[in-house]
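Okay, so here's the structure we're looking at.
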Amino acid sequence: MNYSIEKVATLIGARRYGESSCQVRFLLTDSRSLCFPEETLFFAIRTERNDGHYYIDDLYRRGVRNFVVEHVPDGWQQQYPGAAFLKVVGTREALQRLAERHRDEFDIPVIGITGSNGKTMVKEWLYQLMMSQMRVTRSPRSYNSQIGVPLSVWLLNEQSEIGLFEAGISKPGEMLALHDIVQPTIGVLTSLGSAHQENFSSLEAKCKEKLILFHDTRAVVYCMDDELVARCVSQYAYKGEQLSWSLKNPKARFFVKETKADEAYTQITYVWDGQEHSYIIPFIDDASVHNSITCAVVVLYLGISPDLLRQRMADLQPVAMRLEVKEGQRNCTLINDSYNSDIYSLDIALDFINRRPDHRGRTRTLILSDIEQSGELDEVLYRQVSDMALERGVEKFIGVGPKLSGQQQQIAIKEKYFFENTNALIGSKVFSDLHDEVILLKGARQFHFDQLTELLVQKVHETTLEVNLNAVVDNLNYYRSFLKPETKMVCMIKADGYGAGAVEIAKTLQDHRVDYLAVAVADEGVTLRKAGITSNIMIMNPEMTSFKTMFDYELEPEVYSFRLLDALVHAARQEGITGWPVHIKLDTGMHRLGFNPQNDMDELIARLKRQQAVIPRSVFSHFVGSDSDDFDEFSAKQFALFTSGADRLQAAFDHHILRHMDNSAGIEHFPERQMDMCRLGLGLYGVNPRNNELLHNVSTLKTTILQLRHVSAGDSVGYSRKTILDKDSVIGAIPIGYADGLNRHLGNRHGFCLVNGQRAEYVGNICMDVAMIDVTGIDCKEGDSVEIFGDNLPVTVLSDVMDTIPYEVLTGVSNRVKRIYFQD
């Protein structure tokens with residue numbers, strides 16, 4: 001649906017400045033995601049750390065003419081001819097109001113889904129269950145925030161027959177606005193958990209806040225077995241129909257009489273409206289069983305028969321809620337998003353690839369299958385696909401399916417190829433010739449694009465390090481929450497991003513506008529620059545042989561000694577360089593590297609003032625013990641020593657010199673000492689250095705069982721017969737050894753891994769490429785996954801066994817281990 005700018009102004013109560021004939025079709029809150037400027041309305045939203053008004057000039061140059069603002073730019077008539085500015089008190093509230101008025105246009109069932117866990121899974125499975133008979137409009141991925149929800153509801157159009165929208169909250173008072181935007185007719189409450197619990201006085205308070213979404217709905221779906229949820233629903237005096245489900249209570253509207261699981265499937269037998277029925281799902285975990293029950297209650301209430309439910313449940317597909325980034329063969333990077341196939345998820349995936357800097361000279365390629373159930377005429381749909389792809393820099397288009405093949409003329413990309421099915425593409429020269437490309441795979445399930453991934457991915461052994469880029473962002477935001485809006489952030493990605501892979505971590509951090517990246521040596525900075533990273537990069541341990549490299553790649557060195565300073569100045573003069581930014585390190589008690597703030601400041605200032613080749617950009621030091629309260633007195637002395645030296649340095653120069661001392665532990669422990677900038681290291685990767693507890697886990701090291709064998713009591717396992725079995729045992733061999741980063745000290749039952757969630761001790765000496773584990777009593781088979789550390793087995797468990805620190809475990813993962821990256 002299109003809205004005139006005049007109508008938008010009326011709907012949001014804005015005062016209009018300027019004239020524009022544009023029709024608004026797309027809403028934009030992030031300037032990086034611009035695709036169709038002529039039909040876009042930009043909301044200049046203010047946050048604690050950013051202000052959308054800063055991006056008006058850039059967006060105008062890129063073709064945007066419609067803006068919702070809190071203040072109109074000075075000189076707008078001359079500077080922005082043809083633009084329209086809608087002035088409002090609050091831009092975020094205006095976005096929500098527009099979505100609310102848009103929702104008013106639709107008299108259709110709308111399902112509002114909230115809870116702590118399972119929201120996206122339930123939404124996507126409901127979509128799978130209903131898509132064959134209804135035009136379903138749903139939230140893209142997990143767009144469930146104060147901004148994501150209105151952007152989702154805006155997607156409702158003339159073809160929409162039902163809406164599926166998630167609603168997430170992080171603090172009290174947020175759900176009322178989301179209720180008014182979604183206006184659900186059916187409410188779904190998934191399981192409660194501890195996410196964002198720190199902002200609520202109790203779990204009960206959070207539950208009651210979530211129930212606000214269901215005010216005035218005709219029905220609400222919830223689990224009666226959760227006593228807290230059941231009590232809160234009862235106390236809420238809800239007037240609609242209560243569609244409770246239970247594994248225990250036959251009085252529930254949907255009573256689960258029995259669940260029976262085998263190796264790959266679960267059969268759920270249930271009672272609905274007094275009749276017994278059953279269905280089978282291709283999953284065995286409890287979360288999937290519970291989510292399927294929630295979905296069953298919803299679709300049965302909507303009128304889908306138990307027989308049809310049984311057919312569709314059997315075909316449920318796993319929901320990958322994240323983009324996978326994998327290294328492919330022949331210098332290709334694969335971005336796998338072949339789990340959803342609709343125009344909205346395509347737009348998000350194209351935006352993702354467009355915002356990722358990659359090696360120069362590589363072609364951006366889209367491999368796309370037919371899009372099913374779009375509600376659009378094919379020629380209109382694929383013309384829109386073409387426009388999106390072109391706007392996002394796609395240079396090669398490969399279409400798969402009869403519909404795309406029949407609409408070749410709508411694809412305006414110069415290099416394009418079409419195939420009737422996936423096998424035809426695989427057998428073609430086009431497929432075998434793929435090289436030096438960034439490839440986005442976007443296919444409907446029936447086209448089996450997993451075959452393409454399997455053939456294109458770089459073949460390495462079965463040990464992988466899975467890196468959750470969303471967790472990186474969550475950890476970044478956790479530490480940012482301690483900072484003032486104006487405080488800058490340096491993120492440490494030395495040692496190949498603490499083993500997680502510096503390039504992908506840097507891309508994510510750059511996308512979230514960190515102020516500085518920091519690496520150890522110049523070569524690490526060069527790798528980032530060649531990968532397209534444009535952020536400021538600090539070199540923490542510069543070598544004197546690398547000065548030319550730093551100049552060539554715009555890398556900013558730390559300076560910690562007079563010898564280094566003199567050599568750097570000399571090298572810069574030879575290159576004709578002036579004003580090169582450097583970072584002055586002061587030694588306040590670490591006694592590792594740095595100038596003495598008591599004895600060296602006069603000489604340091606004199607040498608800096610005598611030359612023009614370099615200029616101090618920042619001055620910093622390290623807390624020795626910010627991770628422990630025991631060292632608070634010493635930390636205070638360090639801070640006083642640092643500020644005295646930093647103040648003297650600042651007094652000698654007219655420009656502002658950034659000061660920073662807080663590391664990950666210091667950010668949380670000494671927020672009053674954050675000064676101009678803070679340095680985030682281990683905390684970024686999911687370990688809180690204050691207590692060694694996990695934040696959001698970033699890295700998961702996994703492998704598989706190669707072979708299982710029965711070994712008799714009294715026999716030995718491994719080299720040198722270090723482990724003698726005291727009973728008949730089942731021993732598994734896994735393809736990971738000390739050459740991959742599995743420390744030998746974990747062998748001979750000193751450490752353990754997880755097999756299907758159960759503890760399996762390492763037996764025998766750990767070999768270079770293989771380790772043996774005791775899986776006696778564990779239900780497992782060859783090919784099953786093994787977790788070395790990660791989501792379920794914290795890396796700190798391994799570091800404690802080894803009497804070391806998590807840094808050593810994380811950075812010890814070998815480069816021969818394949819990294820797989822995930823991103824919502």
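By order of appearance in the structure tokens: chains A, B, ..., then residues from 1 within every chain, and ligands from 1 in the order shown.
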Fill in: Long-range neighbours of Ile212 (chain A) as a count of residues only, 8 Å cut-off, only C-alpha atoms, 4 positions minimum in chain
4
Enumerate, in order of chain and increasing residue number, the residues of region 593-712 of chain A with an atom no farther than 6 Å from region 720-732 of chain A, each with its shortest atom pair and distance in Å to one decimal, counting only C-alpha atoms, as JSON lines.
{"residue": "A:Gln707", "atom": "CA", "partner": "A:Gly732", "partner_atom": "CA", "distance": 5.6}
{"residue": "A:Leu708", "atom": "CA", "partner": "A:Gly732", "partner_atom": "CA", "distance": 4.5}
{"residue": "A:Arg709", "atom": "CA", "partner": "A:Ile731", "partner_atom": "CA", "distance": 5.5}
{"residue": "A:His710", "atom": "CA", "partner": "A:Val730", "partner_atom": "CA", "distance": 4.6}
{"residue": "A:Val711", "atom": "CA", "partner": "A:Ser729", "partner_atom": "CA", "distance": 5.3}
{"residue": "A:Ser712", "atom": "CA", "partner": "A:Asp728", "partner_atom": "CA", "distance": 4.4}
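Nearest-residue note for Leu129 (chain A): choosing from A:Thr190, A:Ser305, A:Ser20, A:Ser201, the minimum distance belongs to A:Ser305, counting only C-alpha atoms.
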Worksheet item: Among region 515-697 of chain A, which ones does DSSP place in helix (DSSP H, G or I), written as a VMD selection string?
Response: chain A and resid 522 to 530 544 to 552 562 to 574 601 to 609 629 to 651 664 to 669 671 to 673 682 to 685
Item to complete: Would you list, as a ChimeraX atom specification, the residues of region 267-409 of chain A that end up in strand (DSSP E or B) under DSSP run on this structure's backbone?
Response: /A:267-272,275-281,323-328,333-336,363-369,396-400
Practice prompt. Pick out the residues sitting within 7 Å of region 543-559 of chain A, and hand them over as a count of residues only; count only C-alpha atoms, and ignore anything fewer than 6 positions along from it in its own chain.
Written response: 13
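Between CA of Glu327 (chain A) and CA of Glu782 (chain A) the interatomic distance comes to 25.9 Å.
Near region 492-497 of chain A, within 8 Å and counting only C-alpha atoms, sit Val503, Ile505, Ala506, Leu517, Ala518, Val519, Ala520, Glu524, Arg679, Leu680, Gly681 and Thr811 of chain A; same-chain residues fewer than 6 positions away were not included.
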Take the residues from that selection and write them out as a tab-separated table (two decimals), in the first residue's frame, keeping C-alpha atoms.
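As a result, again.tsv now contains:
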chain	number	residue	atom	x	y	z
A	503	VAL	CA	37.61	-10.38	9.71
A	505	ILE	CA	34.14	-9.98	13.93
A	506	ALA	CA	35.50	-6.69	12.54
A	517	LEU	CA	39.41	-1.74	16.41
A	518	ALA	CA	42.64	-2.89	18.02
A	519	VAL	CA	45.02	-5.63	16.85
A	520	ALA	CA	48.46	-6.71	18.04
A	524	GLU	CA	46.65	-8.23	11.42
A	679	ARG	CA	38.70	-1.00	25.62
A	680	LEU	CA	36.54	-4.10	25.33
A	681	GLY	CA	38.39	-7.43	25.08
A	811	THR	CA	43.07	-18.25	21.00
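The residue that comes closest to Phe789 (chain A), out of A:Val614, A:Val755, A:Leu302, A:Ile162 and on the basis of only C-alpha atoms, is A:Val755.
Every protein, DNA or RNA residue with an atom at most 6 Å from Tyr270 (chain A), where only C-alpha atoms count and chain neighbours fewer than 4 positions away do not, is listed here: Phe255, Val256, Lys257, Glu276, His277 and Ser278 of chain A.
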Go ahead and write the selection's residues with all heavy atoms as a PDB file, in the first residue's frame.
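The resulting file, result_21.pdb, is reproduced below:
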ATOM      1  N   PHE A 255      -5.064 -31.157  25.720  1.00  0.00           N
ATOM      2  CA  PHE A 255      -4.373 -32.022  26.684  1.00  0.00           C
ATOM      3  C   PHE A 255      -3.491 -33.009  25.935  1.00  0.00           C
ATOM      4  O   PHE A 255      -3.965 -33.753  25.063  1.00  0.00           O
ATOM      5  CB  PHE A 255      -5.372 -32.780  27.554  1.00  0.00           C
ATOM      6  CG  PHE A 255      -4.742 -33.832  28.421  1.00  0.00           C
ATOM      7  CD1 PHE A 255      -3.719 -33.496  29.311  1.00  0.00           C
ATOM      8  CD2 PHE A 255      -5.153 -35.155  28.353  1.00  0.00           C
ATOM      9  CE1 PHE A 255      -3.128 -34.460  30.115  1.00  0.00           C
ATOM     10  CE2 PHE A 255      -4.566 -36.122  29.150  1.00  0.00           C
ATOM     11  CZ  PHE A 255      -3.549 -35.785  30.037  1.00  0.00           C
ATOM     12  N   VAL A 256      -2.216 -32.996  26.259  1.00  0.00           N
ATOM     13  CA  VAL A 256      -1.268 -33.913  25.642  1.00  0.00           C
ATOM     14  C   VAL A 256      -1.272 -35.202  26.448  1.00  0.00           C
ATOM     15  O   VAL A 256      -0.767 -35.258  27.582  1.00  0.00           O
ATOM     16  CB  VAL A 256       0.153 -33.309  25.592  1.00  0.00           C
ATOM     17  CG1 VAL A 256       1.117 -34.287  24.940  1.00  0.00           C
ATOM     18  CG2 VAL A 256       0.139 -31.990  24.847  1.00  0.00           C
ATOM     19  N   LYS A 257      -1.835 -36.223  25.856  1.00  0.00           N
ATOM     20  CA  LYS A 257      -1.984 -37.493  26.554  1.00  0.00           C
ATOM     21  C   LYS A 257      -0.679 -38.271  26.612  1.00  0.00           C
ATOM     22  O   LYS A 257      -0.379 -38.935  27.613  1.00  0.00           O
ATOM     23  CB  LYS A 257      -3.066 -38.325  25.855  1.00  0.00           C
ATOM     24  CG  LYS A 257      -3.548 -39.528  26.646  1.00  0.00           C
ATOM     25  CD  LYS A 257      -4.750 -40.167  25.964  1.00  0.00           C
ATOM     26  CE  LYS A 257      -5.284 -41.344  26.776  1.00  0.00           C
ATOM     27  NZ  LYS A 257      -6.465 -41.967  26.104  1.00  0.00           N
ATOM     28  N   GLU A 276      -9.702 -37.652  20.665  1.00  0.00           N
ATOM     29  CA  GLU A 276      -8.272 -37.973  20.696  1.00  0.00           C
ATOM     30  C   GLU A 276      -7.710 -38.002  19.277  1.00  0.00           C
ATOM     31  O   GLU A 276      -8.296 -38.613  18.368  1.00  0.00           O
ATOM     32  CB  GLU A 276      -8.051 -39.320  21.385  1.00  0.00           C
ATOM     33  CG  GLU A 276      -6.575 -39.686  21.543  1.00  0.00           C
ATOM     34  CD  GLU A 276      -6.365 -40.934  22.370  1.00  0.00           C
ATOM     35  OE1 GLU A 276      -6.920 -40.993  23.494  1.00  0.00           O
ATOM     36  OE2 GLU A 276      -5.650 -41.842  21.887  1.00  0.00           O
ATOM     37  N   HIS A 277      -6.582 -37.357  19.101  1.00  0.00           N
ATOM     38  CA  HIS A 277      -5.892 -37.301  17.799  1.00  0.00           C
ATOM     39  C   HIS A 277      -4.391 -37.413  18.060  1.00  0.00           C
ATOM     40  O   HIS A 277      -3.938 -37.420  19.208  1.00  0.00           O
ATOM     41  CB  HIS A 277      -6.188 -35.987  17.071  1.00  0.00           C
ATOM     42  CG  HIS A 277      -7.636 -35.669  16.939  1.00  0.00           C
ATOM     43  ND1 HIS A 277      -8.434 -36.187  15.949  1.00  0.00           N
ATOM     44  CD2 HIS A 277      -8.454 -34.872  17.707  1.00  0.00           C
ATOM     45  CE1 HIS A 277      -9.667 -35.732  16.078  1.00  0.00           C
ATOM     46  NE2 HIS A 277      -9.700 -34.931  17.140  1.00  0.00           N
ATOM     47  N   SER A 278      -3.627 -37.450  16.980  1.00  0.00           N
ATOM     48  CA  SER A 278      -2.172 -37.474  17.126  1.00  0.00           C
ATOM     49  C   SER A 278      -1.514 -36.867  15.890  1.00  0.00           C
ATOM     50  O   SER A 278      -2.137 -36.756  14.825  1.00  0.00           O
ATOM     51  CB  SER A 278      -1.659 -38.898  17.347  1.00  0.00           C
ATOM     52  OG  SER A 278      -1.850 -39.677  16.180  1.00  0.00           O
TER      53      SER A 278
END
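Candidate residues A:Gln446, A:Ser535, A:Ser33, A:Gln384 were compared for distance to Gln317 (chain A), and the nearest is A:Gln446, using only C-alpha atoms.
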Worksheet item: Separation of CA of Thr776 (chain A) and CA of Ile284 (chain A), in Å?
Response: 21.7 Å
